[in-house]
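S.K.: Coordinates in start.tsv, TSV, C-alpha atoms, are listed below.
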```tsv
chain	number	residue	atom	x	y	z
A	1	ALA	CA	0.00	0.00	0.00
A	2	VAL	CA	1.06	3.61	-0.61
A	3	THR	CA	0.23	5.97	2.25
A	4	THR	CA	-1.03	9.53	1.79
A	5	GLY	CA	2.58	10.56	2.47
A	6	TYR	CA	3.65	8.45	-0.55
A	7	GLN	CA	5.49	5.92	1.61
A	8	LEU	CA	5.38	2.23	0.68
A	9	VAL	CA	4.17	-0.25	3.32
A	10	CYS	CA	4.20	-4.02	2.71
A	11	PHE	CA	2.99	-6.84	4.96
A	12	GLY	CA	2.19	-10.55	4.83
A	13	ASP	CA	4.29	-13.47	3.58
A	14	ASN	CA	7.92	-12.34	3.51
A	15	LYS	CA	9.63	-15.57	2.50
A	16	PHE	CA	11.60	-13.87	-0.27
A	17	GLY	CA	11.94	-10.42	1.29
A	18	GLN	CA	9.07	-9.05	-0.78
A	19	CYS	CA	7.89	-7.05	2.24
A	20	ASP	CA	11.31	-5.60	3.11
A	21	VAL	CA	10.93	-2.09	1.71
A	22	PRO	CA	14.40	-0.64	0.98
A	23	PRO	CA	15.14	2.13	3.54
A	24	SER	CA	16.39	4.41	0.76
A	25	LEU	CA	13.31	3.98	-1.44
A	26	GLY	CA	11.74	7.33	-0.53
A	27	MET	CA	8.35	8.45	-1.82
A	28	VAL	CA	6.64	6.36	-4.49
A	29	THR	CA	3.87	6.99	-7.01
A	30	ALA	CA	2.92	3.42	-7.94
A	31	VAL	CA	3.32	-0.13	-6.61
A	32	SER	CA	2.55	-3.65	-7.79
A	33	ALA	CA	2.83	-6.92	-5.86
A	34	GLY	CA	3.71	-10.12	-7.71
A	35	THR	CA	3.77	-13.68	-6.40
A	36	GLY	CA	7.10	-13.30	-4.63
A	37	HIS	CA	8.37	-9.83	-5.51
A	38	THR	CA	7.34	-6.19	-5.20
A	39	CYS	CA	7.96	-3.32	-7.61
A	40	ALA	CA	7.54	0.42	-7.03
A	41	VAL	CA	7.94	3.59	-9.07
A	42	THR	CA	9.73	6.34	-7.16
A	43	MET	CA	9.00	10.06	-7.30
A	44	HIS	CA	11.94	10.35	-9.69
A	45	GLY	CA	10.39	7.87	-12.11
A	46	SER	CA	12.85	5.08	-11.28
A	47	LEU	CA	11.72	1.46	-11.00
A	48	VAL	CA	12.78	-0.50	-7.91
A	49	CYS	CA	12.00	-4.21	-7.45
A	50	PHE	CA	12.79	-6.44	-4.47
A	51	GLY	CA	12.01	-9.95	-3.25
A	52	ARG	CA	12.25	-13.21	-5.18
A	53	ASN	CA	14.46	-13.00	-8.24
A	54	SER	CA	14.67	-16.61	-9.41
A	55	ARG	CA	13.59	-15.73	-12.96
A	56	GLY	CA	15.09	-12.26	-13.28
A	57	GLU	CA	11.86	-10.52	-12.27
A	58	CYS	CA	13.80	-8.03	-10.13
A	59	ASP	CA	16.61	-7.39	-12.62
A	60	VAL	CA	15.57	-3.89	-13.68
A	61	PRO	CA	17.35	-3.03	-16.97
A	62	ALA	CA	20.08	-0.45	-16.44
A	63	ASP	CA	18.87	1.56	-19.44
A	64	LEU	CA	15.18	1.44	-18.54
A	65	GLY	CA	14.99	5.17	-17.82
A	66	ILE	CA	11.92	6.96	-16.51
A	67	VAL	CA	8.74	4.91	-16.04
A	68	TRP	CA	5.30	5.85	-14.77
A	69	SER	CA	3.58	2.48	-14.39
A	70	VAL	CA	4.55	-1.05	-13.35
A	71	SER	CA	2.90	-4.45	-13.11
A	72	ALA	CA	4.48	-7.39	-11.28
A	73	GLY	CA	3.34	-10.83	-12.40
A	74	ASP	CA	4.22	-14.31	-11.17
A	75	ASP	CA	7.83	-14.28	-12.33
A	76	HIS	CA	8.07	-11.35	-14.73
A	77	THR	CA	7.70	-7.58	-14.53
A	78	CYS	CA	6.45	-5.04	-17.06
A	79	ALA	CA	6.81	-1.26	-16.93
A	80	ILE	CA	5.68	1.61	-19.13
A	81	GLN	CA	8.35	4.16	-19.99
A	82	SER	CA	7.60	7.87	-20.22
A	83	SER	CA	7.31	7.44	-24.01
A	84	GLY	CA	4.54	4.87	-23.57
A	85	ARG	CA	6.78	1.96	-24.59
A	86	ILE	CA	6.36	-1.26	-22.61
A	87	VAL	CA	9.45	-3.07	-21.33
A	88	CYS	CA	9.16	-6.54	-19.76
A	89	PHE	CA	11.83	-8.61	-18.04
A	90	GLY	CA	12.09	-11.86	-16.07
A	91	GLY	CA	10.32	-15.11	-16.87
A	92	ARG	CA	13.64	-16.78	-17.60
A	93	GLY	CA	13.95	-20.55	-17.43
A	94	LYS	CA	13.45	-23.63	-19.57
A	95	PHE	CA	9.91	-24.26	-18.39
A	96	ARG	CA	8.79	-20.70	-17.63
A	97	ASP	CA	9.49	-18.72	-20.79
A	98	PHE	CA	6.09	-18.48	-22.46
A	99	GLY	CA	6.91	-15.33	-24.39
A	100	GLN	CA	5.32	-13.13	-21.71
A	101	CYS	CA	8.22	-10.68	-22.05
A	102	ASP	CA	8.19	-10.62	-25.86
A	103	VAL	CA	6.40	-7.32	-26.39
A	104	PRO	CA	4.94	-7.26	-29.93
A	105	PRO	CA	7.22	-5.04	-32.05
A	106	ASP	CA	4.24	-3.29	-33.63
A	107	LEU	CA	2.44	-2.64	-30.33
A	108	GLY	CA	3.36	1.03	-30.14
A	109	PRO	CA	2.70	3.14	-27.03
A	110	ALA	CA	0.42	1.82	-24.31
A	111	VAL	CA	-1.64	3.46	-21.59
A	112	SER	CA	-1.69	0.47	-19.23
A	113	VAL	CA	-0.14	-2.97	-18.79
A	114	SER	CA	-0.92	-6.01	-16.65
A	115	ALA	CA	1.42	-8.94	-16.02
A	116	GLY	CA	-0.22	-12.27	-15.17
A	117	ASN	CA	1.11	-15.73	-14.41
A	118	GLY	CA	2.63	-16.37	-17.82
A	119	HIS	CA	0.96	-13.80	-20.05
A	120	THR	CA	0.87	-10.03	-20.45
A	121	CYS	CA	-1.89	-7.69	-21.59
A	122	ALA	CA	-1.70	-4.04	-22.65
A	123	VAL	CA	-4.18	-1.33	-23.56
A	124	LYS	CA	-3.33	0.92	-26.51
A	125	PRO	CA	-4.31	4.62	-26.62
A	126	ASN	CA	-7.34	3.77	-28.79
A	127	GLY	CA	-8.58	1.30	-26.15
A	128	GLN	CA	-7.53	-1.82	-28.07
A	129	LEU	CA	-6.56	-4.78	-25.89
A	130	VAL	CA	-3.50	-6.82	-26.88
A	131	CYS	CA	-2.34	-9.95	-25.01
A	132	TRP	CA	0.67	-12.22	-25.51
A	133	GLY	CA	2.47	-15.11	-23.80
A	134	TRP	CA	1.02	-18.25	-22.21
A	135	ASN	CA	-2.30	-19.13	-23.85
A	136	CYS	CA	-3.10	-22.55	-22.38
A	137	ARG	CA	-6.67	-21.56	-21.49
A	138	GLY	CA	-7.31	-18.93	-24.13
A	139	GLN	CA	-6.34	-16.06	-21.84
A	140	CYS	CA	-4.66	-14.30	-24.78
A	141	LEU	CA	-7.54	-14.77	-27.23
A	142	VAL	CA	-9.14	-11.33	-27.11
A	143	PRO	CA	-12.82	-11.56	-28.17
A	144	GLU	CA	-13.31	-10.04	-31.61
A	145	ASP	CA	-16.36	-8.09	-30.45
A	146	LEU	CA	-14.74	-6.74	-27.27
A	147	GLY	CA	-14.25	-3.22	-28.59
A	148	PRO	CA	-12.31	-0.47	-26.77
A	149	ILE	CA	-11.63	-0.98	-23.07
A	150	LEU	CA	-10.78	1.19	-20.08
A	151	ALA	CA	-8.79	-1.26	-17.95
A	152	VAL	CA	-7.39	-4.80	-17.93
A	153	SER	CA	-6.21	-7.30	-15.34
A	154	ALA	CA	-4.21	-10.43	-16.21
A	155	GLY	CA	-4.59	-13.23	-13.66
A	156	ASN	CA	-3.36	-16.80	-13.46
A	157	ALA	CA	-4.86	-18.09	-16.71
A	158	VAL	CA	-7.61	-15.55	-17.15
A	159	THR	CA	-7.93	-12.00	-18.46
A	160	CYS	CA	-10.62	-9.53	-17.37
A	161	ALA	CA	-11.33	-6.21	-19.06
A	162	VAL	CA	-13.61	-3.25	-18.34
A	163	THR	CA	-15.18	-1.96	-21.55
A	164	ILE	CA	-15.88	1.69	-22.35
A	165	THR	CA	-19.50	0.99	-21.40
A	166	HIS	CA	-18.23	-0.21	-17.99
A	167	GLN	CA	-19.12	-3.84	-18.56
A	168	LEU	CA	-16.86	-6.60	-17.22
A	169	VAL	CA	-15.69	-9.20	-19.74
A	170	CYS	CA	-13.50	-12.17	-18.71
A	171	PHE	CA	-11.97	-14.90	-20.87
A	172	GLY	CA	-9.60	-17.80	-20.33
A	173	SER	CA	-9.69	-20.36	-17.53
A	174	ASN	CA	-13.04	-20.93	-15.86
A	175	ILE	CA	-12.19	-23.88	-13.61
A	176	TRP	CA	-13.25	-21.98	-10.48
A	177	ASN	CA	-15.92	-19.88	-12.25
A	178	GLU	CA	-13.53	-16.93	-12.33
A	179	CYS	CA	-14.97	-15.99	-15.74
A	180	GLU	CA	-18.61	-16.32	-14.70
A	181	VAL	CA	-19.52	-12.64	-14.52
A	182	PRO	CA	-22.78	-12.33	-12.51
A	183	GLU	CA	-25.71	-11.24	-14.66
A	184	THR	CA	-26.70	-8.76	-11.96
A	185	LEU	CA	-23.24	-7.20	-11.68
A	186	GLY	CA	-24.07	-4.07	-13.67
A	187	PRO	CA	-21.52	-1.38	-14.61
A	188	VAL	CA	-18.06	-1.51	-13.01
A	189	THR	CA	-15.11	0.86	-12.84
A	190	ALA	CA	-12.27	-1.59	-12.12
A	191	ALA	CA	-11.49	-5.30	-11.90
A	192	ALA	CA	-8.73	-7.56	-10.60
A	193	SER	CA	-7.98	-11.17	-11.54
A	194	GLY	CA	-6.23	-13.44	-9.05
A	195	LEU	CA	-5.10	-17.05	-8.98
A	196	SER	CA	-8.61	-18.50	-9.13
A	197	HIS	CA	-11.05	-15.65	-8.55
A	198	THR	CA	-12.09	-12.25	-9.88
A	199	CYS	CA	-13.14	-9.04	-8.12
A	200	ALA	CA	-14.81	-5.93	-9.55
A	201	VAL	CA	-15.77	-2.50	-8.26
A	202	GLN	CA	-19.37	-1.61	-9.01
A	203	THR	CA	-20.71	1.85	-9.71
A	204	ASP	CA	-23.92	3.40	-8.42
A	205	GLY	CA	-25.85	2.86	-11.61
A	206	GLU	CA	-24.77	4.48	-14.85
A	207	VAL	CA	-21.38	6.16	-15.07
A	208	PRO	CA	-21.78	9.77	-16.21
A	209	TYR	CA	-19.17	11.59	-18.26
A	210	GLN	CA	-18.89	15.28	-17.62
A	211	GLU	CA	-16.51	17.67	-19.30
A	212	HIS	CA	-15.61	20.57	-17.04
A	213	ASP	CA	-14.94	24.00	-18.46
A	214	CYS	CA	-12.59	25.51	-15.90
A	215	ALA	CA	-11.68	29.16	-16.47
A	216	THR	CA	-9.26	31.23	-14.42
A	217	GLN	CA	-9.96	34.61	-12.88
A	218	VAL	CA	-7.75	37.69	-13.09
A	219	ALA	CA	-6.12	37.54	-9.67
A	220	ILE	CA	-6.90	34.11	-8.29
A	221	GLY	CA	-8.59	31.56	-10.51
A	222	VAL	CA	-10.80	29.09	-8.69
A	223	MET	CA	-11.93	25.86	-10.32
A	224	PHE	CA	-14.30	23.64	-8.36
A	225	ALA	CA	-13.82	19.90	-8.79
A	226	GLU	CA	-16.87	17.67	-8.58
A	227	LYS	CA	-15.11	15.22	-6.26
A	228	ALA	CA	-12.11	15.61	-3.96
A	229	ASP	CA	-9.19	13.22	-4.26
A	230	ILE	CA	-6.67	13.12	-1.41
A	231	ALA	CA	-7.57	16.61	-0.21
A	232	PRO	CA	-10.32	19.17	-0.92
A	233	LEU	CA	-8.02	21.54	-2.79
A	234	LEU	CA	-5.24	21.05	-5.33
A	235	VAL	CA	-3.26	24.25	-5.84
A	236	VAL	CA	-0.96	25.22	-8.71
A	237	SER	CA	0.31	28.59	-9.89
A	238	THR	CA	0.64	30.07	-13.35
A	239	ALA	CA	4.29	30.79	-12.51
A	240	SER	CA	4.90	27.06	-12.00
A	241	LEU	CA	3.07	26.23	-15.22
A	242	GLN	CA	5.10	28.80	-17.14
A	243	ALA	CA	8.40	27.46	-15.77
A	244	LEU	CA	7.44	23.92	-16.79
A	245	ALA	CA	6.35	25.08	-20.25
A	246	GLU	CA	9.64	26.91	-20.79
A	247	GLY	CA	11.59	23.81	-19.76
A	248	ALA	CA	9.53	21.61	-22.06
A	249	GLY	CA	9.66	24.07	-24.94
A	250	LYS	CA	5.90	23.88	-25.46
A	251	ASP	CA	2.69	25.24	-24.01
A	252	ILE	CA	1.19	23.09	-21.24
A	253	PRO	CA	-2.39	23.93	-20.24
A	254	ALA	CA	-3.37	23.92	-16.58
A	255	ASP	CA	-6.08	21.29	-17.08
A	256	ARG	CA	-3.40	18.64	-17.63
A	257	PHE	CA	-2.94	18.75	-13.83
A	258	ARG	CA	-6.65	19.10	-12.95
A	259	PRO	CA	-6.27	21.71	-10.16
A	260	ASN	CA	-9.24	23.38	-8.54
A	261	VAL	CA	-7.27	26.43	-7.37
A	262	ILE	CA	-4.97	28.35	-9.73
A	263	LEU	CA	-2.87	31.22	-8.38
A	264	GLU	CA	-1.86	34.11	-10.61
A	265	GLY	CA	0.43	36.97	-9.75
A	266	PRO	CA	4.07	37.90	-9.07
A	267	ILE	CA	5.18	34.75	-7.23
A	268	GLU	CA	8.15	32.48	-7.82
A	269	PRO	CA	7.64	29.16	-9.63
A	270	HIS	CA	6.63	26.40	-7.21
A	271	ALA	CA	6.32	28.86	-4.33
A	272	GLU	CA	3.12	27.03	-3.40
A	273	ASP	CA	5.33	24.04	-2.53
A	274	THR	CA	7.00	25.93	0.31
A	275	TRP	CA	4.14	27.64	2.13
A	276	ASP	CA	2.90	26.12	5.35
A	277	GLU	CA	-0.35	28.06	5.20
A	278	MET	CA	-2.04	30.60	2.96
A	279	ARG	CA	-5.09	32.78	3.30
A	280	ILE	CA	-7.53	33.85	0.60
A	281	GLY	CA	-9.91	36.41	2.03
A	282	PRO	CA	-11.22	35.07	5.35
A	283	LEU	CA	-10.35	31.45	4.55
A	284	ARG	CA	-7.12	29.92	5.89
A	285	LEU	CA	-5.68	26.93	4.04
A	286	LYS	CA	-3.18	24.40	5.39
A	287	ARG	CA	-0.70	22.70	3.05
A	288	LEU	CA	-0.80	18.90	3.29
A	289	GLY	CA	1.85	17.86	0.78
A	290	PRO	CA	2.78	17.38	-2.88
A	291	CYS	CA	0.67	15.83	-5.60
A	292	ALA	CA	2.46	12.89	-7.23
A	293	ARG	CA	1.76	12.59	-10.94
A	294	CYS	CA	1.18	9.67	-13.28
A	295	ALA	CA	0.87	9.42	-17.07
A	296	ILE	CA	-2.64	10.91	-17.07
A	297	VAL	CA	-0.92	14.29	-17.49
A	298	ASP	CA	0.01	13.08	-20.99
A	299	VAL	CA	-3.68	12.89	-21.95
A	300	ALA	CA	-5.23	15.99	-23.52
A	301	GLN	CA	-8.34	16.83	-21.49
A	302	GLY	CA	-11.54	16.97	-23.51
A	303	GLN	CA	-9.97	14.93	-26.33
A	304	GLY	CA	-8.85	11.77	-24.58
A	305	LYS	CA	-5.74	11.62	-26.76
A	306	ARG	CA	-2.28	10.92	-25.38
A	307	ASP	CA	0.63	12.97	-26.72
A	308	ASN	CA	3.50	12.10	-24.30
A	309	ALA	CA	4.11	15.83	-23.90
A	310	VAL	CA	4.12	16.37	-20.16
A	311	TYR	CA	5.24	13.50	-17.89
A	312	GLY	CA	8.79	13.19	-19.22
A	313	ALA	CA	9.21	16.97	-19.30
A	314	LEU	CA	7.97	17.19	-15.71
A	315	VAL	CA	10.47	14.64	-14.40
A	316	GLN	CA	13.28	16.27	-16.36
A	317	HIS	CA	12.31	19.75	-15.16
A	318	ARG	CA	11.75	18.95	-11.48
A	319	GLY	CA	13.73	15.74	-11.01
A	320	GLN	CA	10.58	14.00	-9.79
A	321	ALA	CA	6.98	13.43	-10.88
A	322	VAL	CA	5.44	16.04	-8.56
A	323	PHE	CA	3.39	19.09	-9.52
A	324	GLY	CA	0.97	21.07	-7.37
A	325	GLN	CA	0.20	20.94	-3.67
A	326	TYR	CA	-2.71	19.62	-1.64
A	327	TYR	CA	-4.36	22.09	0.76
A	328	ARG	CA	-7.31	21.92	3.13
A	329	PRO	CA	-9.39	24.63	4.82
A	330	MET	CA	-8.53	25.14	8.48
A	331	LEU	CA	-12.17	25.94	9.29
A	332	ARG	CA	-15.12	23.60	8.99
A	333	GLU	CA	-17.14	26.11	7.00
A	334	GLY	CA	-16.32	28.91	4.63
A	335	ALA	CA	-16.45	29.96	1.01
A	336	LEU	CA	-13.39	30.26	-1.20
A	337	PRO	CA	-13.67	33.66	-2.90
A	338	SER	CA	-12.15	34.51	-6.26
A	339	GLU	CA	-10.30	37.71	-7.12
A	340	ARG	CA	-9.06	38.22	-3.57
A	341	ALA	CA	-5.56	38.95	-2.33
A	342	LEU	CA	-3.41	35.98	-1.33
A	343	GLU	CA	-1.53	35.98	1.98
A	344	VAL	CA	1.10	33.41	3.01
```
Could the structure of this file be written out as structure tokens, please?

M.R.:
Amino acid sequence: AVTTGYQLVCFGDNKFGQCDVPPSLGMVTAVSAGTGHTCAVTMHGSLVCFGRNSRGECDVPADLGIVWSVSAGDDHTCAIQSSGRIVCFGGRGKFRDFGQCDVPPDLGPAVSVSAGNGHTCAVKPNGQLVCWGWNCRGQCLVPEDLGPILAVSAGNAVTCAVTITHQLVCFGSNIWNECEVPETLGPVTAAASGLSHTCAVQTDGEVPYQEHDCATQVAIGVMFAEKADIAPLLVVSTASLQALAEGAGKDIPADRFRPNVILEGPIEPHAEDTWDEMRIGPLRLKRLGPCARCAIVDVAQGQGKRDNAVYGALVQHRGQAVFGQYYRPMLREGALPSERALEV
């Protein structure tokens, strides 16, 4: 598990040291637990794996570079580089090499990857599902009528996908009824395939899609998010955005980072990272900590298209995948006014 302070905590069977988090690991943005090993992506975009390494599943390639996502399988590991390219390693051995690490040369960039027992599945930017490796139960035979998907989970000998209509589709082994999707399940937002079972997260009825038009004000732009994430407020400044854009050599719109408070004015870039408190009108706000970023910042809001324009530039510019700060009101009630002076 990753705590709200971005620290990795592991517990349970520790036969291979898969729960012994390296003391020097620092803050992480993503984690994946395999059968006997654990992999994490640090704030700097580096991949760190520890635990069982009998098949090379912890031998992170020296030239891997920056990654933003990882999936640990039974005895192999797959990561997505900042360019969207998938790199898999491990699975070595006479009776364990099923081709699960042989990424199709024509795959192109991917938005997600899932490593199973002996097979691997990836989702392309257009939602197409591609699977390769061990296919003893048909877990790599993607249904022709599946269509675009939102998420995938590769299990032991089964693959489960969430379609763009939020329906769960599973194929492969069904020895323990792990592919028997309940008729009353309804729409889901996520799914996970295990050794012999499947779990899914239901929604409360239909899943609405809403496109938010978030405009900034002259002095202090306030954008109200429909739902809070880790904290009620995510704060960025136009000075920070400008510094990142200059480093990247291209314009980067604020909505790539989905803030609900944007600060404008004569402040230094990333000054919002250093304040303990700030006050906007009568409302006092307490800083909670940084917002760790993933590859979603590479997706153009309102278009759903990935351009690989932001994540790599962010890590290169800041040395870590962090942008914006979480804040919370210090009073139980109060309105956040726009166009008011900022005090820190």

S.K.: Using all atoms listed in the file, which residues sit within 7 Å of segment 322-331 of chain A once same-chain residues fewer than 2 positions away are excluded, as a list in words?

M.R.: Ala231, Pro232, Leu233, Leu234, Val235, Val236, Glu272, Asp273, Leu283, Arg284, Leu285, Lys286, Arg287, Leu288, Gly289, Pro290, Cys291, Ala292, Arg293, Gln320, Glu333 and Gly334 of chain A

S.K.: When you look at segment 154-163 of chain A with a cut-off of 8 Å (counting all atoms listed in the file), what residues show up, excluding the ones that are within fewer than 6 positions of it in the same chain? I need them as a PyMOL selection string.

M.R.: chain A and resi 114-121+135-140+146-148+169-174+178-179+188-196

S.K.: Mind pulling up the distance from atom CA of Leu129 of chain A to atom CA of Val201 of chain A?

M.R.: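 We find that atom CA of Val201 of chain A and atom CA of Leu129 of chain A lie 20.0 Å from each other.
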
S.K.: Show which residues sit within 10 Å of Pro22 of chain A, as a ChimeraX atom specification. Count all atoms listed in the file, and ignore same-chain residues fewer than 2 positions away.

M.R.: /A:8,19-20,24-26,48-50

S.K.: Have a look at A:His197, A:Lys15, A:Arg85, A:Arg258 and name the one nearest to Gly51 of chain A; count only C-alpha atoms.

M.R.: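 Smallest distance to Gly51 of chain A is found for A:Lys15.
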
S.K.: In Å, how far is it from atom CA of Asp63 of chain A to atom CA of Ile80 of chain A?

M.R.: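 One can read the atom CA of Asp63 of chain A to atom CA of Ile80 of chain A distance as 13.2 Å.
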
S.K.: Counting only C-alpha atoms, which residue out of A:Ser112, A:Gln167, A:Ser237, A:Ser83 sits closest to Ala309 of chain A?

M.R.: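 Checking each candidate against Ala309 of chain A, we get A:Ser83 as the closest.
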
S.K.: Please check which residues have atoms at most 7 Å from (8.1, -10.3, -18.0) in the file's coordinates, counting all atoms listed in the file, and write them as a PDB file with C-alpha atoms, in the frame of the given file.

M.R.:
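Generated output (part.pdb):
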```pdb
ATOM      1  CA  GLU A  57      11.860 -10.520 -12.270  1.00  0.00           C
ATOM      2  CA  ASP A  75       7.830 -14.280 -12.330  1.00  0.00           C
ATOM      3  CA  HIS A  76       8.070 -11.350 -14.730  1.00  0.00           C
ATOM      4  CA  THR A  77       7.700  -7.580 -14.530  1.00  0.00           C
ATOM      5  CA  CYS A  78       6.450  -5.040 -17.060  1.00  0.00           C
ATOM      6  CA  CYS A  88       9.160  -6.540 -19.760  1.00  0.00           C
ATOM      7  CA  PHE A  89      11.830  -8.610 -18.040  1.00  0.00           C
ATOM      8  CA  GLY A  90      12.090 -11.860 -16.070  1.00  0.00           C
ATOM      9  CA  GLY A  91      10.320 -15.110 -16.870  1.00  0.00           C
ATOM     10  CA  GLN A 100       5.320 -13.130 -21.710  1.00  0.00           C
ATOM     11  CA  CYS A 101       8.220 -10.680 -22.050  1.00  0.00           C
TER      12      CYS A 101
END
```

S.K.: When you count all atoms listed in the file, which of these residues is closest to Pro259 of chain A: A:Val152, A:Ala295, A:Leu241, A:Val181?

M.R.: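 Among the listed residues, A:Leu241 lies closest to Pro259 of chain A.
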
S.K.: Taking the structure I provided as the source, export segment 50-106 of chain A with C-alpha atoms, as a short mmCIF file (atom, residue, chain, number, x, y, z; two decimals), in the first residue's frame.

M.R.:
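As a result, decode-v5.cif now contains:
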```
data_model
loop_
_atom_site.label_atom_id
_atom_site.label_comp_id
_atom_site.auth_asym_id
_atom_site.auth_seq_id
_atom_site.Cartn_x
_atom_site.Cartn_y
_atom_site.Cartn_z
CA PHE A 50 12.79 -6.44 -4.47
CA GLY A 51 12.01 -9.95 -3.25
CA ARG A 52 12.25 -13.21 -5.18
CA ASN A 53 14.46 -13.00 -8.24
CA SER A 54 14.67 -16.61 -9.41
CA ARG A 55 13.59 -15.73 -12.96
CA GLY A 56 15.09 -12.26 -13.28
CA GLU A 57 11.86 -10.52 -12.27
CA CYS A 58 13.80 -8.03 -10.13
CA ASP A 59 16.61 -7.39 -12.62
CA VAL A 60 15.57 -3.89 -13.68
CA PRO A 61 17.35 -3.03 -16.97
CA ALA A 62 20.08 -0.45 -16.44
CA ASP A 63 18.87 1.56 -19.44
CA LEU A 64 15.18 1.44 -18.54
CA GLY A 65 14.99 5.17 -17.82
CA ILE A 66 11.92 6.96 -16.51
CA VAL A 67 8.74 4.91 -16.04
CA TRP A 68 5.30 5.85 -14.77
CA SER A 69 3.58 2.48 -14.39
CA VAL A 70 4.55 -1.05 -13.35
CA SER A 71 2.90 -4.45 -13.11
CA ALA A 72 4.48 -7.39 -11.28
CA GLY A 73 3.34 -10.83 -12.40
CA ASP A 74 4.22 -14.31 -11.17
CA ASP A 75 7.83 -14.28 -12.33
CA HIS A 76 8.07 -11.35 -14.73
CA THR A 77 7.70 -7.58 -14.53
CA CYS A 78 6.45 -5.04 -17.06
CA ALA A 79 6.81 -1.26 -16.93
CA ILE A 80 5.68 1.61 -19.13
CA GLN A 81 8.35 4.16 -19.99
CA SER A 82 7.60 7.87 -20.22
CA SER A 83 7.31 7.44 -24.01
CA GLY A 84 4.54 4.87 -23.57
CA ARG A 85 6.78 1.96 -24.59
CA ILE A 86 6.36 -1.26 -22.61
CA VAL A 87 9.45 -3.07 -21.33
CA CYS A 88 9.16 -6.54 -19.76
CA PHE A 89 11.83 -8.61 -18.04
CA GLY A 90 12.09 -11.86 -16.07
CA GLY A 91 10.32 -15.11 -16.87
CA ARG A 92 13.64 -16.78 -17.60
CA GLY A 93 13.95 -20.55 -17.43
CA LYS A 94 13.45 -23.63 -19.57
CA PHE A 95 9.91 -24.26 -18.39
CA ARG A 96 8.79 -20.70 -17.63
CA ASP A 97 9.49 -18.72 -20.79
CA PHE A 98 6.09 -18.48 -22.46
CA GLY A 99 6.91 -15.33 -24.39
CA GLN A 100 5.32 -13.13 -21.71
CA CYS A 101 8.22 -10.68 -22.05
CA ASP A 102 8.19 -10.62 -25.86
CA VAL A 103 6.40 -7.32 -26.39
CA PRO A 104 4.94 -7.26 -29.93
CA PRO A 105 7.22 -5.04 -32.05
CA ASP A 106 4.24 -3.29 -33.63
#
```
